[in-house]
Amino acid sequence: MATVTILPTPLDPSVCLATFPRSADDTGAVASFCGYVRGQGISALALEHYPGMTEASILRTIESASRRWPIQHAQVVHRVGELLPGDPIVWVGVSSSHRSAAFSACEFIMDYLKVSAPLWKRERDQAGQWHWVEARDRDHKRAQRWGMSEHRA
Amino acid sequence: MATVTILPTPLDPSVCLATFPRSADDTGAVASFCGYVRGQGISALALEHYPGMTEASILRTIESASRRWPIQHAQVVHRVGELLPGDPIVWVGVSSSHRSAAFSACEFIMDYLKVSAPLWKRERDQAGQWHWVEARDRDHKRAQRWGMSEHRA
Amino acid sequence: MKVLVFAQLRELLGSNSIELPDGDCPANVAALRLLLAERLGDAFAEALADPNVFCAVDQRVVDDEHGLSPTQEIAFFPPMTGG
Amino acid sequence: MKVLVFAQLRELLGSNSIELPDGDCPANVAALRLLLAERLGDAFAEALADPNVFCAVDQRVVDDEHGLSPTQEIAFFPPMTGG
């Protein structure tokens with residue numbers, strides 16, 4: 001089971017976790033991740049997406065994760081629009097019977113989401129100027145270590 | 001910064017996450033994990049600890065994680081007492097500037113906690129009989145892959 | 001046919017899409033890149049020539065040899081920077 | 001000196017600690033295991049002889065050669081099963 005939400009309004013990770021579906025019978029582990037805007041030198045962040053493709057691309061990444069690990073449910077909530085330092089940008093939650101599958105799938109989904117989901121960031125510097133964020137080579141290396149063609153995820 | 005709590009009352013992971021300390025300036029990532037009681041064949045779980053040593057042992061595990069990865073804050077909350085299927089047993093949260101350190105440290109702390117924190121589980125079967133849970137070889141293998149003497153963590 | 005553009009390409013173009021006459025459907029993505037570069041000025045042409053600019057057809061990233069038909073949803077965008 | 005026991009060992013003993021006269025402090029953990037095995041009956045002796053049973057001195061796991069003094073906090077327990 002997979003849920004993907006592109007959210008133009010504030011994201012509350014604790015609500016995501018509180019409402020994350022679990023089975024009392026066989027959910028033994030929920031791994032989750034939240035990414036936040038860091039304020040170093042920036043006064044705001046703006047995120048743009050490709051409506052339809054962004055959701056489809058993230059769903060394909062979750063399906064890839066499901067084929068690799070026995071996960072029960074995975075959920076991705078990604079902000080778009082304008083954000084401030086300290087604001088949550090993205091939340092990923094994964095449940096499984098056992099912790100290793102939940103951890104691996106959660107990290108895999110984040111790594112792929114960074115390089116394969118159509119989302120683009122601009123930062124506003126302290127002087128009020130907007131700059132597009134360049135894609136990071138480090139992120140591509142992290143995605144590649146999972147051994148999959150990253151842009152076909 | 002590290003916080004360790006042994007909790008005899010219900011654990012709410014969403015409250016742990018909501019109150020987890022962050023810096024708007026440089027917290028970019030919070031990885032967290034919650035373990036739950038699975039109901040397969042069991043009607044209850046009871047957890048016993050060694051007051052003082054359990055907390056000290058988990059703190060040493062967090063310190064080991066801090067020496068390996070640039071983490072900002074780590075928090076462990078572990079239940080003791082009697083639990084029912086679906087109840088949260090343990091919550092681990094780790095913050096960092098970047099996601100890879102947060103993920104690795106969170107998984108490391110869980111792996112070590114499983115084998116090096118003085119905590120013991122009993123399960124009550126459907127007939128009402130209590131049985132001690134045997135230590136799992138799998139958990140020791142997972143802890144060993146971090147390349148550290150597990151019981152001296 | 002309609003071509004969507006995002007992020008830096010959208011900003012350069014001053015619009016989020018380009019409308020081409022239906023008769024103008026190029027055979028593949030490489031031909032579409034050339035057609036758009038010719039019509040839309042140097043700055044946009046240069047951005048589009050960047051090998052890191054992706055093309056998606058029906059919401060999947062494809063390579064330059066991918067064949068096109070007029071009813072497809074086509075988009076160009078720079079490397080993703082989400083998460 | 002006081003020796004704490006946990007989990008299965010606590011259940012076998014029917015108590016969470018053993019009090020030894022202060023003059024009885026053995027030289028090391030191995031000697032303490034033997035002393036306790038002699039005094040506390042076969043079932044407990046057998047459980048304590050299991051090489052998987054840990055000894056902690058002042059809240060750190062130690063090996064059988066670790067030396068003891070009467071003021072230390074000493075505990076025996078089976079493999080941990082938390083998390």
# chains A, B, ... in the order shown; residues from 1 in each chain; ligands from 1

call {"tool": "closest_atom_pairs", "arguments": {"of": "chain A", "to": "chain D", "cutoff": "12 Å", "atoms": "only C-alpha atoms", "output": "Markdown table"}}
result
| residue | atom | partner | partner_atom | distance |
| --- | --- | --- | --- | --- |
| A:Gly28 | CA | D:Gly83 | CA | 10.5 |
| A:Ala29 | CA | D:Gly83 | CA | 10.4 |
| A:His98 | CA | D:Gly83 | CA | 11.3 |
| A:Arg99 | CA | D:Gly83 | CA | 10.1 |

call {"tool": "write_last_selection", "arguments": {"atoms": "N, CA, C and O atoms", "output": "short mmCIF file (atom, residue, chain, number, x, y, z; two decimals), in the first residue's frame"}}
result
data_model
loop_
_atom_site.label_atom_id
_atom_site.label_comp_id
_atom_site.auth_asym_id
_atom_site.auth_seq_id
_atom_site.Cartn_x
_atom_site.Cartn_y
_atom_site.Cartn_z
N GLY A 28 5.79 -4.53 13.01
CA GLY A 28 6.77 -4.52 14.09
C GLY A 28 7.67 -3.29 14.05
O GLY A 28 8.35 -2.99 15.02
N ALA A 29 7.65 -2.57 12.91
CA ALA A 29 8.63 -1.50 12.72
C ALA A 29 8.08 -0.39 11.82
O ALA A 29 7.50 -0.69 10.77
N HIS A 98 9.74 -6.26 10.23
CA HIS A 98 11.05 -6.15 10.88
C HIS A 98 11.76 -4.86 10.51
O HIS A 98 11.53 -4.30 9.45
N ARG A 99 12.65 -4.45 11.40
CA ARG A 99 13.23 -3.12 11.25
C ARG A 99 14.15 -2.95 10.05
O ARG A 99 14.19 -1.88 9.46
#

call {"tool": "interface_residues", "arguments": {"of": "chain B", "to": "chain A", "cutoff": "7 Å", "atoms": "only C-alpha atoms", "output": "MDAnalysis selection string"}}
result
chainID B and resid 14:15 17:18 24:40 85:86

call {"tool": "calpha_fit_and_write", "arguments": {"fixed": "chain B", "moving": "chain A", "output": "compact mmCIF listing (two decimals) with N, CA and C atoms, in the first residue's frame"}}
result
# COMPACT_ATOMS: atom_id res chain seq x y z
N MET A 1 24.09 15.98 21.98
CA MET A 1 23.08 15.97 23.03
C MET A 1 22.31 14.65 22.95
N ALA A 2 22.08 14.03 24.09
CA ALA A 2 21.44 12.72 24.10
C ALA A 2 20.42 12.65 25.24
N THR A 3 19.29 12.02 24.96
CA THR A 3 18.27 11.82 25.98
C THR A 3 17.85 10.35 25.96
N VAL A 4 17.83 9.73 27.14
CA VAL A 4 17.39 8.34 27.26
C VAL A 4 16.32 8.26 28.35
N THR A 5 15.18 7.68 27.98
CA THR A 5 14.09 7.56 28.94
C THR A 5 13.59 6.13 28.99
N ILE A 6 13.52 5.57 30.19
CA ILE A 6 12.89 4.26 30.39
C ILE A 6 11.50 4.55 30.93
N LEU A 7 10.48 4.09 30.19
CA LEU A 7 9.12 4.57 30.41
C LEU A 7 8.19 3.44 30.84
N PRO A 8 7.63 3.52 32.06
CA PRO A 8 6.71 2.46 32.50
C PRO A 8 5.27 2.71 32.05
N THR A 9 5.03 3.82 31.35
CA THR A 9 3.68 4.19 30.91
C THR A 9 3.64 4.26 29.38
N PRO A 10 2.43 4.34 28.76
CA PRO A 10 2.37 4.29 27.30
C PRO A 10 3.27 5.30 26.59
N LEU A 11 3.85 4.84 25.48
CA LEU A 11 4.78 5.62 24.67
C LEU A 11 4.03 6.11 23.42
N ASP A 12 4.11 7.42 23.16
CA ASP A 12 3.47 7.99 21.98
C ASP A 12 4.55 8.54 21.04
N PRO A 13 4.87 7.78 19.96
CA PRO A 13 5.96 8.21 19.07
C PRO A 13 5.70 9.56 18.42
N SER A 14 4.43 9.90 18.17
CA SER A 14 4.17 11.18 17.50
C SER A 14 4.47 12.35 18.45
N VAL A 15 4.30 12.14 19.74
CA VAL A 15 4.69 13.18 20.71
C VAL A 15 6.21 13.28 20.78
N CYS A 16 6.90 12.13 20.76
CA CYS A 16 8.37 12.14 20.74
C CYS A 16 8.88 12.97 19.55
N LEU A 17 8.28 12.72 18.38
CA LEU A 17 8.71 13.43 17.17
C LEU A 17 8.37 14.92 17.25
N ALA A 18 7.17 15.22 17.76
CA ALA A 18 6.73 16.62 17.82
C ALA A 18 7.62 17.44 18.75
N THR A 19 8.15 16.81 19.80
CA THR A 19 8.93 17.57 20.79
C THR A 19 10.44 17.38 20.59
N PHE A 20 10.82 16.70 19.52
CA PHE A 20 12.24 16.44 19.27
C PHE A 20 12.96 17.77 18.99
N PRO A 21 14.07 18.07 19.71
CA PRO A 21 14.71 19.39 19.54
C PRO A 21 15.37 19.53 18.16
N ARG A 22 15.16 20.70 17.54
CA ARG A 22 15.74 20.98 16.23
C ARG A 22 16.25 22.40 16.21
N SER A 23 17.19 22.63 15.31
CA SER A 23 17.67 23.99 15.09
C SER A 23 17.22 24.41 13.69
N ALA A 24 16.52 25.56 13.58
CA ALA A 24 16.06 26.02 12.26
C ALA A 24 17.25 26.32 11.38
N ASP A 25 18.39 26.60 12.01
CA ASP A 25 19.57 26.98 11.24
C ASP A 25 20.25 25.79 10.58
N ASP A 26 20.40 24.68 11.31
CA ASP A 26 21.18 23.61 10.69
C ASP A 26 20.69 22.18 10.89
N THR A 27 19.43 21.98 11.35
CA THR A 27 18.88 20.62 11.34
C THR A 27 18.21 20.39 9.98
N GLY A 28 18.81 19.56 9.16
CA GLY A 28 18.25 19.28 7.84
C GLY A 28 17.52 17.95 7.78
N ALA A 29 17.74 17.10 8.81
CA ALA A 29 17.24 15.72 8.73
C ALA A 29 16.93 15.16 10.12
N VAL A 30 15.78 14.52 10.24
CA VAL A 30 15.48 13.74 11.45
C VAL A 30 15.04 12.35 10.99
N ALA A 31 15.84 11.34 11.33
CA ALA A 31 15.46 9.95 11.07
C ALA A 31 14.92 9.39 12.36
N SER A 32 13.83 8.65 12.28
CA SER A 32 13.31 8.07 13.52
C SER A 32 12.76 6.68 13.26
N PHE A 33 12.68 5.94 14.34
CA PHE A 33 12.24 4.55 14.26
C PHE A 33 11.33 4.26 15.43
N CYS A 34 10.26 3.51 15.17
CA CYS A 34 9.43 3.04 16.27
C CYS A 34 9.21 1.54 16.12
N GLY A 35 9.47 0.80 17.20
CA GLY A 35 9.21 -0.64 17.22
C GLY A 35 7.90 -0.90 17.96
N TYR A 36 7.12 -1.87 17.46
CA TYR A 36 5.80 -2.16 18.01
C TYR A 36 5.69 -3.64 18.39
N VAL A 37 4.85 -3.94 19.39
CA VAL A 37 4.54 -5.33 19.74
C VAL A 37 3.71 -5.95 18.61
N ARG A 38 4.18 -7.08 18.06
CA ARG A 38 3.38 -7.78 17.06
C ARG A 38 2.54 -8.84 17.73
N GLY A 39 1.27 -8.96 17.30
CA GLY A 39 0.32 -9.82 18.00
C GLY A 39 0.33 -11.27 17.59
N GLN A 40 1.30 -11.66 16.73
CA GLN A 40 1.24 -13.03 16.20
C GLN A 40 1.46 -14.08 17.29
N GLY A 41 0.37 -14.66 17.74
CA GLY A 41 0.43 -15.73 18.73
C GLY A 41 0.64 -15.26 20.15
N ILE A 42 0.76 -13.96 20.35
CA ILE A 42 0.96 -13.52 21.73
C ILE A 42 -0.16 -12.57 22.16
N SER A 43 -0.47 -12.61 23.45
CA SER A 43 -1.54 -11.75 23.96
C SER A 43 -0.98 -10.60 24.77
N ALA A 44 0.29 -10.68 25.17
CA ALA A 44 0.91 -9.57 25.91
C ALA A 44 2.43 -9.76 25.92
N LEU A 45 3.12 -8.67 26.24
CA LEU A 45 4.58 -8.68 26.30
C LEU A 45 4.95 -7.96 27.60
N ALA A 46 5.97 -8.46 28.33
CA ALA A 46 6.42 -7.75 29.52
C ALA A 46 7.91 -7.49 29.40
N LEU A 47 8.32 -6.27 29.71
CA LEU A 47 9.73 -5.88 29.59
C LEU A 47 10.30 -5.51 30.95
N GLU A 48 11.48 -6.08 31.23
CA GLU A 48 12.18 -5.84 32.49
C GLU A 48 13.50 -5.14 32.17
N HIS A 49 13.94 -4.24 33.04
CA HIS A 49 15.24 -3.59 32.80
C HIS A 49 16.08 -3.56 34.07
N TYR A 50 17.29 -3.07 33.94
CA TYR A 50 18.24 -2.97 35.05
C TYR A 50 18.39 -1.47 35.32
N PRO A 51 17.63 -0.96 36.29
CA PRO A 51 17.59 0.50 36.49
C PRO A 51 19.00 1.07 36.66
N GLY A 52 19.30 2.10 35.94
CA GLY A 52 20.63 2.69 35.98
C GLY A 52 21.51 2.18 34.86
N MET A 53 21.73 0.86 34.82
CA MET A 53 22.60 0.32 33.77
C MET A 53 21.96 0.43 32.39
N THR A 54 20.64 0.21 32.31
CA THR A 54 19.98 0.28 31.00
C THR A 54 20.19 1.67 30.39
N GLU A 55 19.92 2.71 31.17
CA GLU A 55 20.09 4.08 30.69
C GLU A 55 21.56 4.33 30.32
N ALA A 56 22.49 3.90 31.21
CA ALA A 56 23.92 4.15 30.97
C ALA A 56 24.38 3.44 29.70
N SER A 57 23.90 2.21 29.50
CA SER A 57 24.29 1.43 28.34
C SER A 57 23.80 2.07 27.04
N ILE A 58 22.55 2.55 27.04
CA ILE A 58 22.01 3.20 25.84
C ILE A 58 22.75 4.51 25.58
N LEU A 59 23.08 5.25 26.65
CA LEU A 59 23.85 6.49 26.47
C LEU A 59 25.21 6.20 25.83
N ARG A 60 25.85 5.10 26.27
CA ARG A 60 27.15 4.75 25.66
C ARG A 60 26.98 4.43 24.17
N THR A 61 25.87 3.76 23.82
CA THR A 61 25.61 3.46 22.40
C THR A 61 25.44 4.76 21.61
N ILE A 62 24.72 5.73 22.18
CA ILE A 62 24.54 7.02 21.50
C ILE A 62 25.89 7.73 21.34
N GLU A 63 26.73 7.64 22.40
CA GLU A 63 28.06 8.27 22.30
C GLU A 63 28.90 7.61 21.20
N SER A 64 28.80 6.28 21.07
CA SER A 64 29.51 5.60 19.97
C SER A 64 29.02 6.13 18.63
N ALA A 65 27.71 6.28 18.51
CA ALA A 65 27.14 6.80 17.25
C ALA A 65 27.66 8.21 16.97
N SER A 66 27.75 9.03 18.01
CA SER A 66 28.21 10.43 17.85
C SER A 66 29.65 10.50 17.37
N ARG A 67 30.45 9.48 17.75
CA ARG A 67 31.84 9.47 17.30
C ARG A 67 31.95 9.04 15.83
N ARG A 68 30.93 8.33 15.35
CA ARG A 68 30.99 7.84 13.97
C ARG A 68 30.35 8.79 12.96
N TRP A 69 29.30 9.49 13.40
CA TRP A 69 28.56 10.35 12.46
C TRP A 69 28.31 11.71 13.11
N PRO A 70 28.27 12.78 12.28
CA PRO A 70 28.05 14.12 12.83
C PRO A 70 26.57 14.35 13.17
N ILE A 71 26.13 13.78 14.30
CA ILE A 71 24.73 13.93 14.66
C ILE A 71 24.56 15.07 15.66
N GLN A 72 23.37 15.64 15.67
CA GLN A 72 23.10 16.78 16.55
C GLN A 72 22.44 16.34 17.86
N HIS A 73 21.38 15.58 17.75
CA HIS A 73 20.67 15.13 18.94
C HIS A 73 20.20 13.69 18.70
N ALA A 74 20.23 12.90 19.76
CA ALA A 74 19.68 11.54 19.66
C ALA A 74 18.85 11.27 20.90
N GLN A 75 17.73 10.63 20.67
CA GLN A 75 16.82 10.35 21.78
C GLN A 75 16.32 8.92 21.69
N VAL A 76 16.35 8.23 22.83
CA VAL A 76 15.79 6.87 22.91
C VAL A 76 14.77 6.85 24.03
N VAL A 77 13.59 6.35 23.71
CA VAL A 77 12.56 6.12 24.74
C VAL A 77 12.20 4.65 24.67
N HIS A 78 12.36 3.95 25.77
CA HIS A 78 12.10 2.50 25.77
C HIS A 78 11.07 2.15 26.84
N ARG A 79 10.03 1.44 26.43
CA ARG A 79 9.02 0.97 27.37
C ARG A 79 9.55 -0.14 28.27
N VAL A 80 9.07 -0.18 29.51
CA VAL A 80 9.17 -1.35 30.37
C VAL A 80 7.77 -1.63 30.91
N GLY A 81 7.59 -2.79 31.54
CA GLY A 81 6.27 -3.16 32.06
C GLY A 81 5.49 -3.98 31.04
N GLU A 82 4.17 -4.02 31.23
CA GLU A 82 3.36 -4.90 30.40
C GLU A 82 2.78 -4.15 29.20
N LEU A 83 2.91 -4.75 28.01
CA LEU A 83 2.44 -4.13 26.77
C LEU A 83 1.49 -5.07 26.03
N LEU A 84 0.65 -4.50 25.18
CA LEU A 84 -0.29 -5.28 24.38
C LEU A 84 0.08 -5.20 22.90
N PRO A 85 -0.40 -6.17 22.07
CA PRO A 85 -0.13 -6.09 20.63
C PRO A 85 -0.51 -4.73 20.07
N GLY A 86 0.37 -4.18 19.24
CA GLY A 86 0.15 -2.85 18.65
C GLY A 86 0.79 -1.73 19.45
N ASP A 87 1.16 -1.99 20.72
CA ASP A 87 1.77 -0.93 21.54
C ASP A 87 3.20 -0.63 21.07
N PRO A 88 3.58 0.66 21.04
CA PRO A 88 4.97 1.01 20.77
C PRO A 88 5.88 0.55 21.91
N ILE A 89 7.02 -0.07 21.55
CA ILE A 89 8.00 -0.54 22.54
C ILE A 89 9.15 0.44 22.67
N VAL A 90 9.63 0.94 21.53
CA VAL A 90 10.84 1.75 21.56
C VAL A 90 10.76 2.81 20.47
N TRP A 91 11.26 4.01 20.80
CA TRP A 91 11.36 5.07 19.80
C TRP A 91 12.80 5.58 19.80
N VAL A 92 13.39 5.71 18.61
CA VAL A 92 14.73 6.28 18.46
C VAL A 92 14.64 7.42 17.45
N GLY A 93 15.12 8.60 17.82
CA GLY A 93 15.17 9.73 16.90
C GLY A 93 16.58 10.30 16.84
N VAL A 94 17.02 10.66 15.64
CA VAL A 94 18.36 11.24 15.46
C VAL A 94 18.27 12.41 14.48
N SER A 95 18.87 13.55 14.85
CA SER A 95 18.91 14.68 13.93
C SER A 95 20.34 14.94 13.48
N SER A 96 20.45 15.54 12.28
CA SER A 96 21.74 15.87 11.72
C SER A 96 21.54 16.95 10.65
N SER A 97 22.65 17.48 10.14
CA SER A 97 22.53 18.40 9.00
C SER A 97 22.04 17.65 7.78
N HIS A 98 22.56 16.42 7.59
CA HIS A 98 22.27 15.67 6.37
C HIS A 98 21.67 14.31 6.66
N ARG A 99 20.94 13.81 5.69
CA ARG A 99 20.15 12.61 5.95
C ARG A 99 20.97 11.34 6.17
N SER A 100 22.13 11.20 5.50
CA SER A 100 22.82 9.91 5.61
C SER A 100 23.31 9.65 7.04
N ALA A 101 23.82 10.69 7.71
CA ALA A 101 24.27 10.53 9.10
C ALA A 101 23.08 10.18 10.01
N ALA A 102 21.95 10.84 9.78
CA ALA A 102 20.78 10.59 10.63
C ALA A 102 20.28 9.15 10.46
N PHE A 103 20.19 8.69 9.20
CA PHE A 103 19.74 7.32 8.95
C PHE A 103 20.70 6.30 9.57
N SER A 104 22.01 6.46 9.30
CA SER A 104 22.97 5.47 9.78
C SER A 104 22.99 5.41 11.30
N ALA A 105 23.03 6.58 11.95
CA ALA A 105 23.09 6.60 13.41
C ALA A 105 21.83 6.00 14.02
N CYS A 106 20.68 6.26 13.42
CA CYS A 106 19.41 5.74 13.97
C CYS A 106 19.41 4.20 13.88
N GLU A 107 19.83 3.66 12.74
CA GLU A 107 19.86 2.20 12.59
C GLU A 107 20.91 1.56 13.50
N PHE A 108 22.07 2.20 13.60
CA PHE A 108 23.13 1.74 14.49
C PHE A 108 22.63 1.65 15.94
N ILE A 109 21.99 2.72 16.39
CA ILE A 109 21.50 2.74 17.78
C ILE A 109 20.49 1.62 18.01
N MET A 110 19.56 1.42 17.05
CA MET A 110 18.59 0.32 17.20
C MET A 110 19.29 -1.04 17.24
N ASP A 111 20.26 -1.25 16.34
CA ASP A 111 20.94 -2.55 16.28
C ASP A 111 21.68 -2.84 17.59
N TYR A 112 22.35 -1.84 18.14
CA TYR A 112 23.07 -2.06 19.40
C TYR A 112 22.15 -2.20 20.59
N LEU A 113 21.09 -1.40 20.57
CA LEU A 113 20.13 -1.46 21.66
C LEU A 113 19.55 -2.87 21.80
N LYS A 114 19.32 -3.53 20.65
CA LYS A 114 18.76 -4.89 20.65
C LYS A 114 19.64 -5.89 21.40
N VAL A 115 20.95 -5.72 21.31
CA VAL A 115 21.85 -6.74 21.88
C VAL A 115 22.65 -6.25 23.08
N SER A 116 22.73 -4.93 23.31
CA SER A 116 23.62 -4.48 24.37
C SER A 116 22.94 -3.72 25.51
N ALA A 117 21.66 -3.41 25.37
CA ALA A 117 20.98 -2.74 26.48
C ALA A 117 20.32 -3.78 27.37
N PRO A 118 20.55 -3.71 28.69
CA PRO A 118 19.96 -4.70 29.60
C PRO A 118 18.44 -4.56 29.68
N LEU A 119 17.79 -5.29 28.79
CA LEU A 119 16.33 -5.33 28.74
C LEU A 119 15.95 -6.76 28.41
N TRP A 120 14.91 -7.25 29.05
CA TRP A 120 14.51 -8.64 28.82
C TRP A 120 13.01 -8.71 28.61
N LYS A 121 12.63 -9.54 27.63
CA LYS A 121 11.23 -9.65 27.22
C LYS A 121 10.65 -11.01 27.59
N ARG A 122 9.40 -10.98 28.06
CA ARG A 122 8.60 -12.19 28.20
C ARG A 122 7.34 -12.02 27.37
N GLU A 123 6.86 -13.09 26.75
CA GLU A 123 5.62 -13.04 25.99
C GLU A 123 4.58 -13.91 26.67
N ARG A 124 3.34 -13.46 26.65
CA ARG A 124 2.23 -14.29 27.14
C ARG A 124 1.52 -14.89 25.93
N ASP A 125 1.46 -16.22 25.87
CA ASP A 125 0.80 -16.85 24.71
C ASP A 125 -0.72 -16.79 24.87
N GLN A 126 -1.42 -17.32 23.84
CA GLN A 126 -2.89 -17.23 23.83
C GLN A 126 -3.50 -18.00 25.00
N ALA A 127 -2.77 -18.98 25.54
CA ALA A 127 -3.27 -19.77 26.67
C ALA A 127 -2.98 -19.08 28.02
N GLY A 128 -2.33 -17.93 27.97
CA GLY A 128 -2.07 -17.19 29.21
C GLY A 128 -0.74 -17.50 29.87
N GLN A 129 0.07 -18.37 29.24
CA GLN A 129 1.38 -18.73 29.80
C GLN A 129 2.45 -17.72 29.39
N TRP A 130 3.31 -17.35 30.35
CA TRP A 130 4.42 -16.45 30.04
C TRP A 130 5.67 -17.25 29.65
N HIS A 131 6.39 -16.77 28.61
CA HIS A 131 7.64 -17.40 28.15
C HIS A 131 8.69 -16.33 27.94
N TRP A 132 9.90 -16.57 28.40
CA TRP A 132 10.99 -15.65 28.11
C TRP A 132 11.34 -15.70 26.63
N VAL A 133 11.62 -14.54 26.03
CA VAL A 133 12.02 -14.48 24.63
C VAL A 133 13.51 -14.81 24.54
N GLU A 134 13.87 -15.71 23.63
CA GLU A 134 15.28 -16.06 23.43
C GLU A 134 15.97 -14.97 22.60
N ALA A 135 17.23 -14.68 22.89
CA ALA A 135 18.00 -13.74 22.09
C ALA A 135 18.16 -14.29 20.68
N ARG A 136 18.06 -13.40 19.69
CA ARG A 136 18.11 -13.83 18.30
C ARG A 136 19.50 -13.68 17.71
N ASP A 137 19.95 -14.77 17.10
CA ASP A 137 21.25 -14.76 16.43
C ASP A 137 21.28 -13.66 15.36
N ARG A 138 20.15 -13.47 14.66
CA ARG A 138 20.05 -12.45 13.63
C ARG A 138 20.40 -11.06 14.17
N ASP A 139 19.92 -10.78 15.39
CA ASP A 139 20.21 -9.47 15.99
C ASP A 139 21.70 -9.30 16.26
N HIS A 140 22.34 -10.38 16.70
CA HIS A 140 23.78 -10.28 16.97
C HIS A 140 24.55 -10.06 15.68
N LYS A 141 24.13 -10.74 14.61
CA LYS A 141 24.80 -10.55 13.31
C LYS A 141 24.65 -9.11 12.85
N ARG A 142 23.44 -8.54 13.02
CA ARG A 142 23.23 -7.14 12.59
C ARG A 142 24.12 -6.19 13.38
N ALA A 143 24.26 -6.44 14.68
CA ALA A 143 25.09 -5.55 15.50
C ALA A 143 26.56 -5.70 15.11
N GLN A 144 26.96 -6.95 14.81
CA GLN A 144 28.37 -7.19 14.48
C GLN A 144 28.80 -6.52 13.18
N ARG A 145 27.85 -6.31 12.26
CA ARG A 145 28.27 -5.73 10.97
C ARG A 145 28.78 -4.31 11.14
N TRP A 146 28.49 -3.65 12.27
CA TRP A 146 29.04 -2.31 12.52
C TRP A 146 30.49 -2.39 13.01
N GLY A 147 30.98 -3.63 13.20
CA GLY A 147 32.39 -3.81 13.51
C GLY A 147 32.82 -3.32 14.88
N MET A 148 32.01 -3.57 15.89
CA MET A 148 32.36 -3.11 17.23
C MET A 148 31.99 -4.22 18.20
N SER A 149 32.75 -4.34 19.28
CA SER A 149 32.42 -5.34 20.29
C SER A 149 31.08 -4.96 20.90
N GLU A 150 30.07 -5.78 20.64
CA GLU A 150 28.71 -5.34 20.92
C GLU A 150 28.38 -5.12 22.40
N HIS A 151 29.02 -5.94 23.27
CA HIS A 151 28.61 -5.83 24.68
C HIS A 151 29.39 -4.77 25.44
N ARG A 152 30.33 -4.12 24.76
CA ARG A 152 31.06 -3.03 25.41
C ARG A 152 30.58 -1.68 24.89
N ALA A 153 29.47 -1.69 24.13
CA ALA A 153 29.00 -0.44 23.50
C ALA A 153 28.77 0.65 24.56

call {"tool": "residues_around", "arguments": {"residues": "range 20-31 of chain C", "least_positions_apart": "2", "cutoff": "8 Å", "atoms": "only C-alpha atoms", "output": "ChimeraX atom specification"}}
result
/C:1-3,18,33-35,55,63-70

call {"tool": "write_last_selection", "arguments": {"atoms": "N, CA and C atoms", "output": "mmCIF file, in the first residue's frame"}}
result
data_model
loop_
_atom_site.group_PDB
_atom_site.id
_atom_site.type_symbol
_atom_site.label_atom_id
_atom_site.label_comp_id
_atom_site.auth_asym_id
_atom_site.auth_seq_id
_atom_site.Cartn_x
_atom_site.Cartn_y
_atom_site.Cartn_z
ATOM 1 N N MET C 1 0.729 20.315 -30.867
ATOM 2 C CA MET C 1 1.121 19.623 -29.646
ATOM 3 C C MET C 1 1.665 20.611 -28.622
ATOM 4 N N LYS C 2 1.520 20.217 -27.355
ATOM 5 C CA LYS C 2 1.883 21.104 -26.253
ATOM 6 C C LYS C 2 3.109 20.555 -25.541
ATOM 7 N N VAL C 3 4.061 21.432 -25.273
ATOM 8 C CA VAL C 3 5.277 21.024 -24.569
ATOM 9 C C VAL C 3 5.373 21.810 -23.260
ATOM 10 N N ILE C 18 4.667 25.512 -24.299
ATOM 11 C CA ILE C 18 4.840 25.952 -25.689
ATOM 12 C C ILE C 18 3.808 25.194 -26.515
ATOM 13 N N ARG C 33 13.978 18.898 -29.822
ATOM 14 C CA ARG C 33 14.929 19.838 -29.206
ATOM 15 C C ARG C 33 15.421 20.846 -30.252
ATOM 16 N N LEU C 34 15.756 20.363 -31.464
ATOM 17 C CA LEU C 34 16.244 21.251 -32.531
ATOM 18 C C LEU C 34 15.169 22.237 -32.971
ATOM 19 N N LEU C 35 13.955 21.728 -33.137
ATOM 20 C CA LEU C 35 12.831 22.577 -33.560
ATOM 21 C C LEU C 35 12.582 23.703 -32.560
ATOM 22 N N CYS C 55 13.945 15.068 -20.901
ATOM 23 C CA CYS C 55 12.653 15.102 -21.581
ATOM 24 C C CYS C 55 11.790 13.978 -21.006
ATOM 25 N N ASP C 63 14.990 9.022 -23.522
ATOM 26 C CA ASP C 63 16.209 9.555 -24.128
ATOM 27 C C ASP C 63 15.898 10.196 -25.482
ATOM 28 N N ASP C 64 16.926 10.762 -26.104
ATOM 29 C CA ASP C 64 16.732 11.584 -27.297
ATOM 30 C C ASP C 64 16.194 10.811 -28.505
ATOM 31 N N GLU C 65 16.377 9.490 -28.509
ATOM 32 C CA GLU C 65 15.925 8.677 -29.647
ATOM 33 C C GLU C 65 14.444 8.306 -29.540
ATOM 34 N N HIS C 66 13.837 8.621 -28.403
ATOM 35 C CA HIS C 66 12.443 8.235 -28.176
ATOM 36 C C HIS C 66 11.519 8.883 -29.229
ATOM 37 N N GLY C 67 10.709 8.071 -29.895
ATOM 38 C CA GLY C 67 9.791 8.564 -30.921
ATOM 39 C C GLY C 67 8.607 9.332 -30.327
ATOM 40 N N LEU C 68 8.077 10.299 -31.103
ATOM 41 C CA LEU C 68 6.991 11.146 -30.598
ATOM 42 C C LEU C 68 5.737 11.021 -31.452
ATOM 43 N N SER C 69 4.575 11.225 -30.824
ATOM 44 C CA SER C 69 3.321 11.370 -31.578
ATOM 45 C C SER C 69 2.549 12.537 -30.971
ATOM 46 N N PRO C 70 1.677 13.201 -31.758
ATOM 47 C CA PRO C 70 1.091 14.482 -31.341
ATOM 48 C C PRO C 70 0.241 14.402 -30.077
#

call {"tool": "select_by_dssp", "arguments": {"residues": "chain D", "states": "strand (DSSP E)", "output": "count of residues only"}}
result
18

call {"tool": "decode", "arguments": {"residues": "range 35-39 of chain C", "atoms": "C-alpha atoms", "output": "CSV table (one decimal), in the first residue's frame"}}
result
chain,number,residue,atom,x,y,z
C,35,LEU,CA,12.8,22.6,-33.6
C,36,LEU,CA,12.3,24.3,-30.2
C,37,ALA,CA,15.9,25.7,-30.2
C,38,GLU,CA,15.3,27.3,-33.7
C,39,ARG,CA,12.0,28.9,-32.7
